[in-house]
Structures are given as C-alpha cells and as structure tokens.
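Coordinates from upload23.cif are shown below (mmCIF, C-alpha atoms).
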data_start
#
loop_
_atom_site.group_PDB
_atom_site.id
_atom_site.type_symbol
_atom_site.label_atom_id
_atom_site.label_comp_id
_atom_site.auth_asym_id
_atom_site.auth_seq_id
_atom_site.Cartn_x
_atom_site.Cartn_y
_atom_site.Cartn_z
ATOM 1 C CA MET F 1 -150.367 127.774 13.532
ATOM 2 C CA LYS F 2 -152.125 128.745 16.688
ATOM 3 C CA LEU F 3 -151.470 125.369 18.406
ATOM 4 C CA LEU F 4 -147.702 125.686 18.112
ATOM 5 C CA GLU F 5 -147.659 129.263 19.400
ATOM 6 C CA GLU F 6 -149.570 128.500 22.628
ATOM 7 C CA ASP F 7 -147.798 128.032 25.926
ATOM 8 C CA GLU F 8 -147.322 124.345 26.878
ATOM 9 C CA ALA F 9 -148.668 124.924 30.396
ATOM 10 C CA PHE F 10 -152.085 125.972 29.053
ATOM 11 C CA ASN F 11 -152.432 123.381 26.281
ATOM 12 C CA PRO F 12 -154.951 120.650 27.327
ATOM 13 C CA ALA F 13 -153.985 118.451 24.365
ATOM 14 C CA LEU F 14 -150.626 117.692 25.992
ATOM 15 C CA SER F 15 -152.266 116.190 29.082
ATOM 16 C CA VAL F 16 -154.446 113.986 26.854
ATOM 17 C CA VAL F 17 -151.333 112.761 25.042
ATOM 18 C CA ASN F 18 -149.744 111.915 28.407
ATOM 19 C CA LEU F 19 -152.840 109.938 29.440
ATOM 20 C CA VAL F 20 -152.691 107.974 26.194
ATOM 21 C CA ASP F 21 -149.050 107.121 26.915
ATOM 22 C CA VAL F 22 -149.921 105.904 30.416
ATOM 23 C CA PHE F 23 -152.716 103.698 29.094
ATOM 24 C CA LEU F 24 -150.442 102.233 26.399
ATOM 25 C CA VAL F 25 -147.911 101.226 29.057
ATOM 26 C CA LEU F 26 -150.692 99.718 31.185
ATOM 27 C CA ILE F 27 -152.044 97.717 28.242
ATOM 28 C CA ALA F 28 -148.550 96.441 27.412
ATOM 29 C CA ALA F 29 -148.050 95.287 31.020
ATOM 30 C CA LEU F 30 -151.387 93.439 30.993
ATOM 31 C CA LEU F 31 -150.564 91.713 27.699
ATOM 32 C CA ILE F 32 -147.227 90.545 29.109
ATOM 33 C CA ALA F 33 -148.993 89.184 32.209
ATOM 34 C CA ILE F 34 -151.469 87.273 30.045
ATOM 35 C CA ALA F 35 -148.675 85.857 27.867
ATOM 36 C CA GLN F 36 -146.833 84.493 30.922
ATOM 37 C CA ASN F 37 -149.919 82.733 32.342
ATOM 38 C CA PRO F 38 -149.418 78.931 32.125
ATOM 39 C CA LEU F 39 -153.034 78.440 31.006
ATOM 40 C CA ASN F 40 -152.711 80.990 28.212
ATOM 41 C CA PRO F 41 -155.027 79.816 25.394
ATOM 42 C CA PHE F 42 -152.499 80.969 22.782
ATOM 43 C CA MET F 43 -149.731 78.635 23.998
ATOM 44 C CA SER F 44 -149.326 75.358 22.128
ATOM 45 C CA GLU F 45 -147.773 73.516 25.087
ATOM 46 C CA ASP F 46 -149.657 71.004 27.234
ATOM 47 C CA VAL F 47 -149.821 72.155 30.870
ATOM 48 C CA THR F 48 -150.962 70.615 34.169
ATOM 49 C CA VAL F 49 -151.614 72.899 37.158
ATOM 50 C CA ILE F 50 -152.333 71.577 40.675
ATOM 51 C CA LYS F 51 -154.081 73.976 43.060
ATOM 52 C CA ASN F 52 -154.184 73.407 46.858
ATOM 53 C CA GLU F 53 -152.031 70.292 46.639
ATOM 54 C CA GLY F 54 -152.763 67.678 49.316
ATOM 55 C CA LYS F 55 -155.806 69.478 50.724
ATOM 56 C CA GLU F 56 -159.469 68.509 50.592
ATOM 57 C CA ASN F 57 -160.272 71.206 48.031
ATOM 58 C CA MET F 58 -157.439 70.208 45.659
ATOM 59 C CA GLU F 59 -158.039 70.906 41.978
ATOM 60 C CA ILE F 60 -156.107 69.680 38.936
ATOM 61 C CA ILE F 61 -156.317 71.691 35.720
ATOM 62 C CA VAL F 62 -155.075 69.967 32.544
ATOM 63 C CA LYS F 63 -154.606 71.838 29.253
ATOM 64 C CA LYS F 64 -154.057 69.675 26.160
ATOM 65 C CA GLY F 65 -154.004 71.727 22.988
ATOM 66 C CA ASN F 66 -157.064 73.975 23.124
ATOM 67 C CA VAL F 67 -158.994 71.772 25.582
ATOM 68 C CA ILE F 68 -158.926 72.644 29.310
ATOM 69 C CA GLU F 69 -160.258 70.079 31.804
ATOM 70 C CA ARG F 70 -160.773 70.613 35.549
ATOM 71 C CA PHE F 71 -160.763 67.817 38.099
ATOM 72 C CA LYS F 72 -161.926 68.638 41.628
ATOM 73 C CA SER F 73 -161.192 66.502 44.660
ATOM 74 C CA SER F 74 -164.118 65.138 46.628
ATOM 75 C CA GLY F 75 -161.925 64.772 49.730
ATOM 76 C CA GLN F 76 -162.350 60.986 49.758
ATOM 77 C CA SER F 77 -159.708 58.347 49.141
ATOM 78 C CA GLY F 78 -159.923 56.366 45.954
ATOM 79 C CA ALA F 79 -160.389 52.598 45.954
ATOM 80 C CA GLY F 80 -160.133 49.887 43.372
ATOM 81 C CA THR F 81 -158.156 46.898 42.251
ATOM 82 C CA GLY F 82 -154.699 47.009 40.811
ATOM 83 C CA ARG F 83 -151.095 46.045 41.324
ATOM 84 C CA LYS F 84 -147.908 47.838 42.239
ATOM 85 C CA ALA F 85 -146.368 49.256 39.080
ATOM 86 C CA GLY F 86 -143.046 50.517 40.423
ATOM 87 C CA THR F 87 -141.310 52.778 42.887
ATOM 88 C CA ALA F 88 -140.681 56.529 42.755
ATOM 89 C CA TYR F 89 -137.606 58.063 44.392
ATOM 90 C CA GLU F 90 -137.053 61.743 45.113
ATOM 91 C CA MET F 91 -133.440 62.765 44.595
ATOM 92 C CA ALA F 92 -131.538 65.356 46.666
ATOM 93 C CA ASP F 93 -132.001 67.994 43.946
ATOM 94 C CA GLY F 94 -135.802 67.534 44.023
ATOM 95 C CA SER F 95 -136.099 65.532 40.789
ATOM 96 C CA MET F 96 -138.117 62.321 40.732
ATOM 97 C CA ILE F 97 -137.024 58.936 39.346
ATOM 98 C CA TYR F 98 -139.536 56.187 38.593
ATOM 99 C CA VAL F 99 -138.319 52.571 38.558
ATOM 100 C CA LYS F 100 -140.727 50.144 36.895
ATOM 101 C CA GLU F 101 -141.003 46.690 38.483
#
In structure tokens, write the structure found in this file.
Amino acid sequence: MKLLEEDEAFNPALSVVNLVDVFLVLIAALLIAIAQNPLNPFMSEDVTVIKNEGKENMEIIVKKGNVIERFKSSGQSGAGTGRKAGTAYEMADGSMIYVKE
C-alpha cells in the first residue's frame, strides 16, 4: 500500500486525524459543562437560582420539571396584608432554621 510506505512527516492525513482528536476532546468538554449546569433541561431535579441577590436587578429563575419560570425584580418593596408566620435563625455553620409560631 502506498499510504503505509509514505513518510509520516509528509502525510497530510495524519494532521487531519490530529484535528479530529482535538475537536472530539473539545466537544467532550462542552458536553460536561452543559451537564453540570444547574438549569440543564435534561436534569429531573427542581432548581431555584437567584441572580444579583439583594440588588435592584435581582432575578429568580425556578425550574420545576421541564418548566422554567423567570421572575424579575421591579426594585420596589412589596406591600399587602398578612401576619407573622414564624422566625428564621441562621446557625453558625450557615444553615437556616425556621420556627413556626
């Protein structure tokens, strides 16, 4: 076979094979990045993401099943009627405890 007898330095097919290998690694890295995204549409878990927490342009993204909802802050305080439902305490380790009244 002529292909096997040629010198490797002059064979352009080898450089094409190397490019294919590079692109396969790149595609694998992108697929891993997509799989680790919390809003991945293929995950079955429910997820809530808060962007720009505490700022005027805060946004809450809620994923329940296959439905993704976005809630954007208007920068205004909410008002309404209601009653105190309980107290939340933040522990030293960062966990939160809610005590219902």
Long-range neighbours of stretch 84-91 of chain F as number ranges by chain, 7 Å cut-off, all atoms listed in the file, 5 positions minimum in chain = F: 96-101
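The gap separating atom CA of F:Asp46 from atom CA of F:Lys63 is 5.4 Å, in Å to one decimal.
Counting only C-alpha atoms, the residue from F:Ser15, F:Ser73, F:Asp21, F:Leu30 that sits nearest to F:Glu53 is F:Ser73.
What separates atom CA of F:Ser77 from atom CA of F:Ile60 is a distance of 15.7 Å.
Between atom CA of F:Ile34 and atom CA of F:Asn57 lies a distance of 25.7 Å.
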Report the residues retrieved by the PyMOL selection byres ((chain F and resi 61) around 9) from the displayed file, expressed as a ChimeraX atom specification.
-> /F:39,47-51,59-60,62-63,68-72
Starting from the shown file, work through the PyMOL selection byres ((chain F and resi 65) around 7) and note down what comes out as a PyMOL selection string.
-> chain F and resi 44-46+63-64+66-67
Subset file: stretch 80-97 of chain F, N, CA and C atoms, as a compact mmCIF listing (two decimals), in the first residue's frame:
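Listed below is the output, selection_16.txt:
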# COMPACT_ATOMS: atom_id res chain seq x y z
N GLY F 80 -48.81 44.50 51.34
CA GLY F 80 -50.01 43.69 51.40
C GLY F 80 -50.38 43.43 52.85
N THR F 81 -51.37 42.60 53.03
CA THR F 81 -51.79 42.27 54.38
C THR F 81 -51.34 40.86 54.69
N GLY F 82 -51.11 40.61 55.93
CA GLY F 82 -50.67 39.28 56.35
C GLY F 82 -50.36 39.28 57.83
N ARG F 83 -49.80 38.19 58.28
CA ARG F 83 -49.42 38.06 59.68
C ARG F 83 -48.07 37.38 59.77
N LYS F 84 -47.42 37.52 60.89
CA LYS F 84 -46.11 36.91 61.08
C LYS F 84 -46.30 35.40 61.18
N ALA F 85 -45.53 34.66 60.39
CA ALA F 85 -45.71 33.21 60.34
C ALA F 85 -44.67 32.48 61.18
N GLY F 86 -43.58 33.12 61.53
CA GLY F 86 -42.55 32.45 62.31
C GLY F 86 -41.26 33.24 62.28
N THR F 87 -40.20 32.61 62.75
CA THR F 87 -38.91 33.26 62.84
C THR F 87 -37.86 32.34 62.20
N ALA F 88 -36.94 32.93 61.46
CA ALA F 88 -35.84 32.17 60.86
C ALA F 88 -34.55 32.55 61.58
N TYR F 89 -33.75 31.54 61.90
CA TYR F 89 -32.46 31.74 62.56
C TYR F 89 -31.36 31.16 61.68
N GLU F 90 -30.27 31.92 61.55
CA GLU F 90 -29.11 31.43 60.83
C GLU F 90 -28.11 30.89 61.84
N MET F 91 -27.72 29.63 61.67
CA MET F 91 -26.81 28.98 62.60
C MET F 91 -25.37 29.34 62.24
N ALA F 92 -24.44 28.99 63.12
CA ALA F 92 -23.02 29.32 62.92
C ALA F 92 -22.45 28.65 61.67
N ASP F 93 -22.98 27.49 61.29
CA ASP F 93 -22.47 26.80 60.11
C ASP F 93 -23.11 27.29 58.81
N GLY F 94 -24.01 28.30 58.91
CA GLY F 94 -24.63 28.86 57.71
C GLY F 94 -25.99 28.28 57.39
N SER F 95 -26.41 27.22 58.08
CA SER F 95 -27.72 26.63 57.82
C SER F 95 -28.80 27.51 58.44
N MET F 96 -30.01 27.36 57.93
CA MET F 96 -31.14 28.16 58.40
C MET F 96 -32.15 27.26 59.10
N ILE F 97 -32.73 27.75 60.20
CA ILE F 97 -33.77 27.03 60.93
C ILE F 97 -34.99 27.93 60.99
